[in-house]
$ cat input08.txt   # compact mmCIF, C-alpha atoms
# COMPACT_ATOMS: atom_id res chain seq x y z
CA MET A 1 19.99 14.56 -7.29
CA ALA A 2 17.37 15.93 -9.68
CA TYR A 3 13.80 14.95 -8.95
CA GLN A 4 12.30 12.84 -11.68
CA LYS A 5 8.66 11.90 -11.65
CA LYS A 6 8.24 8.19 -12.14
CA MET A 7 6.22 7.15 -15.15
CA GLU A 8 2.95 5.59 -14.09
CA ASP A 9 2.15 2.08 -15.25
CA PRO A 10 -0.89 2.41 -17.57
CA SER A 11 -1.83 -1.29 -17.40
CA TYR A 12 -4.63 -0.90 -14.82
CA ASP A 13 -6.23 1.99 -16.70
CA GLU A 14 -6.06 -0.08 -19.90
CA LEU A 15 -7.80 -2.97 -18.11
CA ARG A 16 -10.50 -0.63 -16.83
CA ARG A 17 -11.20 0.56 -20.36
CA GLU A 18 -11.39 -3.02 -21.60
CA LEU A 19 -13.86 -4.03 -18.90
CA ALA A 20 -15.94 -0.88 -19.42
CA ALA A 21 -16.22 -1.87 -23.08
CA GLY A 22 -17.20 -5.41 -22.07
CA THR A 23 -14.17 -7.01 -23.68
CA VAL A 24 -12.09 -9.61 -21.84
CA GLY A 25 -9.01 -11.28 -23.31
CA ASN A 26 -7.60 -14.78 -22.93
CA LEU A 27 -4.56 -14.37 -20.74
CA TYR A 28 -3.66 -12.07 -17.83
CA VAL A 29 -1.10 -11.74 -15.06
CA PHE A 30 -2.30 -9.73 -12.05
CA HIS A 31 0.18 -8.44 -9.47
CA GLY A 32 0.75 -5.43 -7.22
CA GLU A 33 -0.08 -4.17 -3.74
CA GLU A 34 -3.56 -2.77 -4.31
CA THR A 35 -5.59 -5.92 -3.73
CA TYR A 36 -8.83 -3.94 -3.49
CA LEU A 37 -8.62 -2.98 -7.16
CA ARG A 38 -7.46 -6.46 -8.15
CA ASP A 39 -10.36 -8.22 -6.41
CA LYS A 40 -12.84 -5.69 -7.79
CA SER A 41 -11.49 -6.32 -11.31
CA LEU A 42 -11.76 -10.08 -10.88
CA GLU A 43 -15.39 -9.75 -9.79
CA GLN A 44 -16.14 -7.52 -12.77
CA MET A 45 -14.53 -10.02 -15.13
CA LYS A 46 -16.52 -12.81 -13.56
CA GLY A 47 -19.73 -10.87 -14.11
CA LEU A 48 -18.87 -10.27 -17.78
CA LEU A 49 -17.73 -13.82 -18.58
CA LEU A 50 -20.03 -16.10 -16.60
CA THR A 51 -23.46 -15.22 -17.87
CA GLY A 52 -25.15 -18.63 -17.78
CA GLY A 53 -25.46 -18.99 -14.03
CA LEU A 54 -23.36 -22.18 -13.85
CA ASP A 55 -20.32 -20.87 -12.03
CA ASP A 56 -19.45 -24.30 -10.63
CA PHE A 57 -18.80 -25.53 -14.17
CA ASN A 58 -17.29 -22.44 -15.76
CA TYR A 59 -15.31 -20.79 -12.94
CA HIS A 60 -12.20 -22.49 -11.54
CA VAL A 61 -9.65 -21.40 -8.94
CA LEU A 62 -6.32 -23.19 -8.47
CA ALA A 63 -3.96 -22.54 -5.56
CA GLY A 64 -0.29 -22.62 -6.46
CA LYS A 65 0.30 -25.60 -4.14
CA ASP A 66 -2.38 -27.57 -6.01
CA PHE A 67 -1.23 -26.55 -9.49
CA THR A 68 -0.25 -29.15 -12.05
CA LEU A 69 0.06 -28.63 -15.78
CA SER A 70 -2.15 -31.64 -16.48
CA ARG A 71 -4.90 -30.25 -14.26
CA LEU A 72 -4.70 -26.89 -16.01
CA HIS A 73 -4.85 -28.69 -19.37
CA GLY A 74 -8.03 -30.40 -18.25
CA LEU A 75 -9.70 -27.13 -17.26
CA VAL A 76 -8.62 -25.40 -20.46
CA ASP A 77 -9.90 -28.25 -22.65
CA ALA A 78 -13.29 -28.40 -20.89
CA MET A 79 -15.87 -26.60 -23.01
CA PRO A 80 -18.02 -24.00 -21.17
CA MET A 81 -21.51 -25.11 -20.14
CA MET A 82 -24.39 -22.79 -21.10
CA SER A 83 -21.93 -19.91 -21.41
CA GLU A 84 -19.55 -18.57 -24.04
CA ARG A 85 -16.51 -18.40 -21.74
CA THR A 86 -14.75 -20.12 -18.86
CA MET A 87 -12.66 -18.30 -16.26
CA ILE A 88 -9.62 -19.93 -14.63
CA VAL A 89 -7.71 -18.20 -11.80
CA VAL A 90 -4.32 -19.57 -10.71
CA ASN A 91 -3.11 -18.09 -7.42
CA ASP A 92 0.60 -17.74 -6.60
CA TRP A 93 2.20 -20.08 -9.11
CA ASP A 94 5.71 -19.35 -10.32
CA MET A 95 5.38 -19.61 -14.09
CA ASP A 96 9.13 -20.17 -14.46
CA LYS A 97 9.04 -23.43 -12.48
CA GLY A 98 8.16 -26.94 -13.58
CA ASP A 99 7.49 -27.86 -17.20
CA LYS A 100 8.07 -24.45 -18.75
CA GLU A 101 7.98 -25.73 -22.32
CA GLY A 102 4.64 -27.43 -21.69
CA LEU A 103 3.21 -24.28 -20.14
CA LEU A 104 4.52 -22.19 -23.03
CA ALA A 105 2.78 -24.47 -25.50
CA LEU A 106 -0.49 -24.26 -23.56
CA LEU A 107 -0.44 -20.48 -23.18
CA GLY A 108 0.51 -19.99 -26.81
CA ASP A 109 -2.62 -21.80 -28.01
CA LEU A 110 -5.41 -20.97 -25.57
CA PRO A 111 -8.93 -21.52 -26.94
CA ASP A 112 -10.97 -18.37 -27.50
CA TYR A 113 -13.47 -19.39 -24.82
CA VAL A 114 -10.83 -19.42 -22.05
CA CYS A 115 -9.84 -16.53 -19.80
CA LEU A 116 -6.81 -17.59 -17.77
CA ILE A 117 -5.54 -15.28 -15.01
CA PHE A 118 -2.37 -15.81 -12.98
CA VAL A 119 -2.68 -13.86 -9.71
CA TYR A 120 0.40 -13.01 -7.63
CA ASP A 121 -0.52 -12.20 -4.06
CA VAL A 122 1.92 -13.81 -1.62
CA LEU A 123 4.52 -14.48 -4.30
CA GLU A 124 6.21 -11.50 -5.94
CA TYR A 125 5.94 -11.28 -9.71
CA LYS A 126 9.49 -10.88 -11.02
CA PRO A 127 9.57 -11.69 -14.74
CA ASP A 128 12.78 -12.05 -16.69
CA ASN A 129 11.90 -9.92 -19.71
CA ARG A 130 14.51 -11.78 -21.78
CA ALA A 131 12.88 -15.16 -21.14
CA LYS A 132 10.39 -16.86 -23.47
CA MET A 133 7.66 -16.90 -20.81
CA ALA A 134 7.67 -13.16 -20.22
CA LYS A 135 7.76 -12.45 -23.96
CA LEU A 136 4.87 -14.82 -24.64
CA VAL A 137 2.70 -13.37 -21.85
CA LYS A 138 3.35 -9.89 -23.24
CA GLU A 139 2.54 -11.02 -26.77
CA LYS A 140 -0.55 -13.11 -26.03
CA GLY A 141 -1.91 -11.46 -22.91
CA LYS A 142 -1.67 -8.52 -20.53
CA VAL A 143 0.31 -7.96 -17.35
CA VAL A 144 -1.63 -5.70 -14.98
CA ASN A 145 0.09 -3.98 -12.08
CA PHE A 146 -2.38 -3.00 -9.36
CA ALA A 147 -0.13 -0.33 -7.87
CA ARG A 148 -0.84 2.14 -5.10
CA GLN A 149 -2.88 4.96 -6.60
CA GLU A 150 -1.45 8.44 -7.03
CA GLN A 151 -2.69 11.13 -4.67
CA LYS A 152 -5.32 12.87 -6.80
CA LYS A 153 -7.01 9.61 -7.77
CA LEU A 154 -6.96 8.35 -4.19
CA VAL A 155 -8.43 11.56 -2.77
CA LYS A 156 -11.19 11.43 -5.37
CA TRP A 157 -11.88 7.78 -4.50
CA VAL A 158 -12.03 8.55 -0.74
CA ASP A 159 -14.55 11.31 -1.43
CA ALA A 160 -16.65 8.98 -3.60
CA ARG A 161 -16.70 6.32 -0.87
CA PHE A 162 -17.90 8.86 1.70
CA GLN A 163 -20.48 10.19 -0.78
CA ALA A 164 -21.85 6.64 -1.06
CA LEU A 165 -22.30 6.67 2.74
CA GLY A 166 -24.10 10.02 2.70
CA HIS A 167 -21.10 12.11 3.76
CA GLU A 168 -18.66 14.62 2.31
CA ILE A 169 -14.97 15.15 3.01
CA SER A 170 -12.65 17.96 1.98
CA GLY A 171 -9.55 17.27 -0.08
CA LEU A 172 -7.25 18.22 2.82
CA ASP A 173 -9.06 15.95 5.26
CA ALA A 174 -8.99 13.11 2.72
CA GLU A 175 -5.21 13.59 2.50
CA TYR A 176 -5.03 13.56 6.30
CA LEU A 177 -6.94 10.26 6.40
CA ILE A 178 -4.54 8.76 3.85
CA PHE A 179 -1.54 9.99 5.85
CA ARG A 180 -2.98 8.63 9.10
CA CYS A 181 -4.21 5.24 7.91
CA GLY A 182 -2.05 4.44 4.87
CA ASP A 183 -2.57 4.72 1.13
CA LEU A 184 -3.87 1.24 0.30
CA MET A 185 -7.56 1.11 -0.60
CA THR A 186 -7.76 -2.34 0.99
CA GLY A 187 -7.13 -0.80 4.41
CA LEU A 188 -8.88 2.52 3.80
CA ILE A 189 -12.21 0.98 2.88
CA SER A 190 -12.78 -0.37 6.41
CA GLU A 191 -11.62 2.92 7.99
CA ILE A 192 -14.04 4.88 5.79
CA GLY A 193 -16.84 2.55 6.89
CA LYS A 194 -16.07 3.13 10.59
CA ILE A 195 -15.78 6.89 10.20
CA GLY A 196 -18.96 7.10 8.12
CA ALA A 197 -20.91 5.16 10.74
CA TYR A 198 -19.55 7.32 13.57
CA ALA A 199 -19.92 10.81 12.06
CA LYS A 200 -23.07 12.68 13.10
CA ARG A 201 -22.94 15.33 10.40
CA ARG A 202 -22.68 15.16 6.64
CA GLN A 203 -19.24 16.83 6.59
CA ILE A 204 -16.47 14.53 7.83
CA THR A 205 -14.00 16.30 10.15
CA ARG A 206 -10.56 15.42 11.45
CA GLN A 207 -12.14 14.92 14.84
CA ASP A 208 -14.29 12.16 13.29
CA ILE A 209 -11.20 10.59 11.73
CA ASP A 210 -9.18 10.72 14.95
CA ALA A 211 -12.04 9.36 17.03
CA VAL A 212 -12.40 5.94 15.40
CA SER A 213 -9.69 5.33 12.81
CA THR A 214 -6.72 3.06 13.46
CA PRO A 215 -3.52 4.95 12.68
CA GLN A 216 -0.51 3.32 11.07
CA LEU A 217 2.79 3.25 12.94
CA ASP A 218 4.42 6.11 11.00
CA ALA A 219 1.45 8.40 11.73
CA VAL A 220 1.65 7.76 15.49
CA ILE A 221 5.41 8.38 15.45
CA PHE A 222 4.80 11.64 13.58
CA ASP A 223 2.14 12.73 16.10
CA LEU A 224 4.63 12.01 18.89
CA THR A 225 7.56 13.94 17.40
CA ASN A 226 5.27 16.77 16.28
CA ALA A 227 3.89 17.12 19.81
CA ILE A 228 7.44 17.18 21.20
CA ALA A 229 8.37 19.83 18.63
CA ALA A 230 5.41 21.96 19.71
CA LYS A 231 6.28 21.35 23.40
CA ASN A 232 2.80 19.88 23.87
CA PHE A 233 3.92 17.17 26.24
CA ASP A 234 0.44 16.06 27.29
CA LYS A 235 -0.29 15.21 23.67
CA ALA A 236 3.15 13.62 23.33
CA PHE A 237 2.47 11.22 26.19
CA LEU A 238 -0.95 10.36 24.77
CA ALA A 239 0.82 9.48 21.49
CA LEU A 240 3.34 7.42 23.46
CA GLY A 241 0.45 5.50 25.02
CA ASP A 242 -0.97 4.83 21.54
CA LEU A 243 2.46 3.67 20.41
CA LEU A 244 2.90 1.20 23.25
CA HIS A 245 -0.70 0.02 22.84
CA MET A 246 0.14 -1.09 19.28
CA GLN A 247 2.22 -3.89 20.86
CA GLU A 248 4.89 -3.73 18.18
CA PRO A 249 8.38 -4.98 19.16
CA PRO A 250 10.38 -2.15 20.80
CA ILE A 251 13.17 -2.59 18.22
CA LYS A 252 10.67 -1.84 15.43
CA LEU A 253 9.29 1.19 17.27
CA LEU A 254 12.81 2.51 17.84
CA ALA A 255 13.69 2.01 14.16
CA SER A 256 10.58 3.97 13.11
CA LEU A 257 11.39 6.75 15.57
CA ALA A 258 15.00 6.99 14.35
CA LYS A 259 13.80 7.12 10.74
CA GLN A 260 11.39 9.94 11.63
CA VAL A 261 14.18 11.95 13.28
CA ARG A 262 16.41 11.44 10.21
CA GLN A 263 13.61 12.57 7.91
CA LEU A 264 12.98 15.68 10.01
CA TYR A 265 16.71 16.44 10.07
CA THR A 266 16.88 16.07 6.27
CA ALA A 267 13.84 18.31 5.90
CA ARG A 268 15.49 20.96 8.08
CA LEU A 269 18.66 20.77 5.97
CA ALA A 270 16.52 21.08 2.83
CA VAL A 271 14.90 24.23 4.21
CA GLU A 272 18.27 25.79 5.09
CA GLU A 273 19.79 24.88 1.72
CA GLN A 274 16.62 25.92 -0.17
CA LYS A 275 15.96 22.46 -1.58
CA SER A 276 12.47 21.73 -2.87
CA ILE A 277 9.91 19.38 -1.39
CA LYS A 278 10.17 17.35 -4.61
CA TRP A 279 13.89 16.85 -3.96
CA PHE A 280 13.12 15.68 -0.42
CA MET A 281 10.42 13.26 -1.64
CA GLU A 282 12.78 11.73 -4.19
CA LEU A 283 15.55 11.35 -1.60
CA TRP A 284 13.31 9.51 0.86
CA GLY A 285 11.02 7.77 -1.64
CA ILE A 286 7.96 9.57 -0.22
CA ARG A 287 4.96 9.28 -2.53
CA ARG A 288 2.55 11.70 -0.86
CA GLU A 289 3.25 15.44 -0.98
CA PHE A 290 0.94 15.97 2.02
CA GLN A 291 3.28 13.82 4.15
CA ALA A 292 6.37 15.71 2.95
CA GLU A 293 4.76 19.09 3.67
CA LYS A 294 3.92 18.03 7.23
CA LEU A 295 7.53 16.95 7.78
CA PHE A 296 8.79 20.29 6.45
CA GLN A 297 6.45 22.20 8.77
CA SER A 298 7.49 20.21 11.83
CA ALA A 299 11.21 20.20 10.96
CA ARG A 300 11.56 23.96 11.51
CA ARG A 301 10.66 23.63 15.20
CA PHE A 302 13.81 21.74 16.19
CA THR A 303 17.31 23.19 16.27
CA MET A 304 20.18 21.58 14.37
CA GLU A 305 21.84 20.90 17.72
CA TRP A 306 18.77 18.96 18.88
CA TYR A 307 18.79 16.84 15.71
CA ARG A 308 22.46 15.89 16.03
CA TRP A 309 22.01 14.99 19.69
CA ALA A 310 18.76 13.08 19.02
CA LEU A 311 20.31 11.02 16.23
CA LEU A 312 23.19 10.06 18.52
CA ARG A 313 20.79 9.07 21.31
CA CYS A 314 18.73 6.92 18.89
CA GLU A 315 21.92 5.09 17.86
CA GLU A 316 22.91 4.56 21.50
CA ALA A 317 19.45 3.23 22.37
CA ASP A 318 19.56 0.88 19.38
CA LEU A 319 22.93 -0.47 20.51
CA LEU A 320 21.62 -0.92 24.05
CA LEU A 321 18.62 -2.89 22.80
CA LYS A 322 20.69 -5.15 20.55
CA SER A 323 23.63 -5.82 22.86
CA THR A 324 22.05 -6.19 26.31
CA GLY A 325 19.04 -7.76 27.94
CA THR A 326 17.61 -4.38 28.91
CA ASP A 327 13.83 -4.14 28.79
CA GLY A 328 13.00 -2.73 25.34
CA GLN A 329 9.94 -0.77 26.42
CA GLU A 330 11.91 0.87 29.23
CA VAL A 331 14.66 1.91 26.78
CA LEU A 332 12.10 3.41 24.42
CA VAL A 333 10.21 5.31 27.12
CA ASN A 334 13.43 6.70 28.62
CA LEU A 335 14.61 7.84 25.17
CA LEU A 336 11.35 9.65 24.47
CA LEU A 337 11.49 11.32 27.88
CA GLU A 338 15.01 12.54 27.09
CA LEU A 339 13.93 13.87 23.67
CA ALA A 340 11.05 15.78 25.27
CA GLN A 341 13.18 17.18 28.09
CA ARG A 342 15.86 18.36 25.66
CA GLN A 343 13.24 20.16 23.55
CA ALA A 344 11.66 21.70 26.64
CA ALA A 345 14.97 23.15 27.84
$ encode --input "input08.txt" --output "structure tokens"
Amino acid sequence: MAYQKKMEDPSYDELRRELAAGTVGNLYVFHGEETYLRDKSLEQMKGLLLTGGLDDFNYHVLAGKDFTLSRLHGLVDAMPMMSERTMIVVNDWDMDKGDKEGLLALLGDLPDYVCLIFVYDVLEYKPDNRAKMAKLVKEKGKVVNFARQEQKKLVKWVDARFQALGHEISGLDAEYLIFRCGDLMTGLISEIGKIGAYAKRRQITRQDIDAVSTPQLDAVIFDLTNAIAAKNFDKAFLALGDLLHMQEPPIKLLASLAKQVRQLYTARLAVEEQKSIKWFMELWGIRREFQAEKLFQSARRFTMEWYRWALLRCEEADLLLKSTGTDGQEVLVNLLLELAQRQAA
């Protein structure tokens, strides 16, 4: 399979340019995983639109469960008070439900003073591009996808956040933080705050990151398998303690471990068959090259025999968990002990 770089959605960058120029349209649909950027954009729009200080009259938020077309009509028809614009936010309403023709008529003739934003947070935004509603929104407004940011932008943002706290961080350590804590700004912002408050020196180190950050499940699993690969069993059992402390269901922990072993096995095959890291990333849907490089480095430490045996043992443990009443934590601990002993032999 040839690696093809996915085209980035330019909608967020277009919105940023609009807001920087101080121009806000009439109709928007906001969706996507990066809620930090979405909420920041909403606050910026609010600051641009509501200049008269009467937010109670000119700013309205409707939850999907409270949405009615007549109520929206009332808000749209209400002239702004001591301001040029009104801002209406509708959260988690399926635009393809209810009186679609009535909603189409309303959206097709919004007054210039209205800024109406449909925000999809809990609900997934899945437009039918052949339908009238999707075509009208595209014609009259803008659909903005707040997607996870690509690596270079995210590293630059992490550095800027630390700079604001009086610290600096190298590009490699920023990548490590993203790998350890996830690539959503919404989660990273609190981790950056903790690390910035803890660090004693201007330069942020990995020791600072490890000391106070909360790792995501995949990062703990990687630390565990990497320690086993390096035959550092003290570190492996510390990682096991972190894993059990997360209090995730054993079946979920086992699934993550099995996935990690499969990824390492694939990486080892890629090395032997001289496949590129880009090929590996496309195969597994991995977005961050830093993560793929770490898997490639670790994969070389296990033999092919170990991988085949480990995959079989993961399948057997999964069957044991699903078909018997055996204690899940005991199954997981015993499996990890076996993996470590096999590597140590």
$ residues_around --input "input08.txt" --residues "segment 332-335 of chain A" --least-positions-apart "6" --cutoff "9 Å" --atoms "only C-alpha atoms" --output "PDB file with C-alpha atoms, in the coordinates of the input"
ATOM      1  CA  LEU A 240       3.340   7.420  23.460  1.00  0.00           C
ATOM      2  CA  PRO A 250      10.380  -2.150  20.800  1.00  0.00           C
ATOM      3  CA  ILE A 251      13.170  -2.590  18.220  1.00  0.00           C
ATOM      4  CA  LEU A 253       9.290   1.190  17.270  1.00  0.00           C
ATOM      5  CA  LEU A 254      12.810   2.510  17.840  1.00  0.00           C
ATOM      6  CA  ARG A 313      20.790   9.070  21.310  1.00  0.00           C
ATOM      7  CA  CYS A 314      18.730   6.920  18.890  1.00  0.00           C
ATOM      8  CA  ALA A 317      19.450   3.230  22.370  1.00  0.00           C
TER       9      ALA A 317
END
$ atom_distance --input "input08.txt" --atom1 "atom CA of Trp93 of chain A" --atom2 "atom CA of Arg71 of chain A"
13.4 Å
$ atom_distance --input "input08.txt" --atom1 "atom CA of Arg288 of chain A" --atom2 "atom CA of Ala255 of chain A"
21.1 Å
$ residues_around --input "input08.txt" --residues "segment 40-42 of chain A" --least-positions-apart "6" --cutoff "10 Å" --atoms "all atoms listed in the file" --output "short mmCIF file (atom, residue, chain, number, x, y, z; two decimals) with C-alpha atoms, keeping the file's coordinate frame"
data_model
loop_
_atom_site.label_atom_id
_atom_site.label_comp_id
_atom_site.auth_asym_id
_atom_site.auth_seq_id
_atom_site.Cartn_x
_atom_site.Cartn_y
_atom_site.Cartn_z
CA TYR A 12 -4.63 -0.90 -14.82
CA LEU A 15 -7.80 -2.97 -18.11
CA ARG A 16 -10.50 -0.63 -16.83
CA LEU A 19 -13.86 -4.03 -18.90
CA PHE A 30 -2.30 -9.73 -12.05
CA LEU A 48 -18.87 -10.27 -17.78
CA MET A 87 -12.66 -18.30 -16.26
CA VAL A 89 -7.71 -18.20 -11.80
CA ILE A 117 -5.54 -15.28 -15.01
CA VAL A 119 -2.68 -13.86 -9.71
CA PHE A 146 -2.38 -3.00 -9.36
#
$ residues_near_point --input "input08.txt" --point "(0.4, 13.3, 5.0)" --cutoff "8 Å" --atoms "all atoms listed in the file" --output "ChimeraX atom specification"
/A:175-176,178-180,288-294
$ atom_distance --input "input08.txt" --atom1 "atom CA of Asp128 of chain A" --atom2 "atom CA of Asp96 of chain A"
9.2 Å
$ closest_residue --input "input08.txt" --among "A:Met45, A:Leu320, A:Ile195, A:Leu123" --to "Ala174 of chain A" --atoms "only C-alpha atoms"
A:Ile195
$ closest_residue --input "input08.txt" --among "A:Asp92, A:Asp223, A:Glu34, A:Glu315" --to "Leu243 of chain A" --atoms "only C-alpha atoms"
A:Asp223
$ closest_residue --input "input08.txt" --among "A:His73, A:Glu305, A:Gln247, A:Lys132" --to "Gln343 of chain A" --atoms "all atoms listed in the file"
A:Glu305
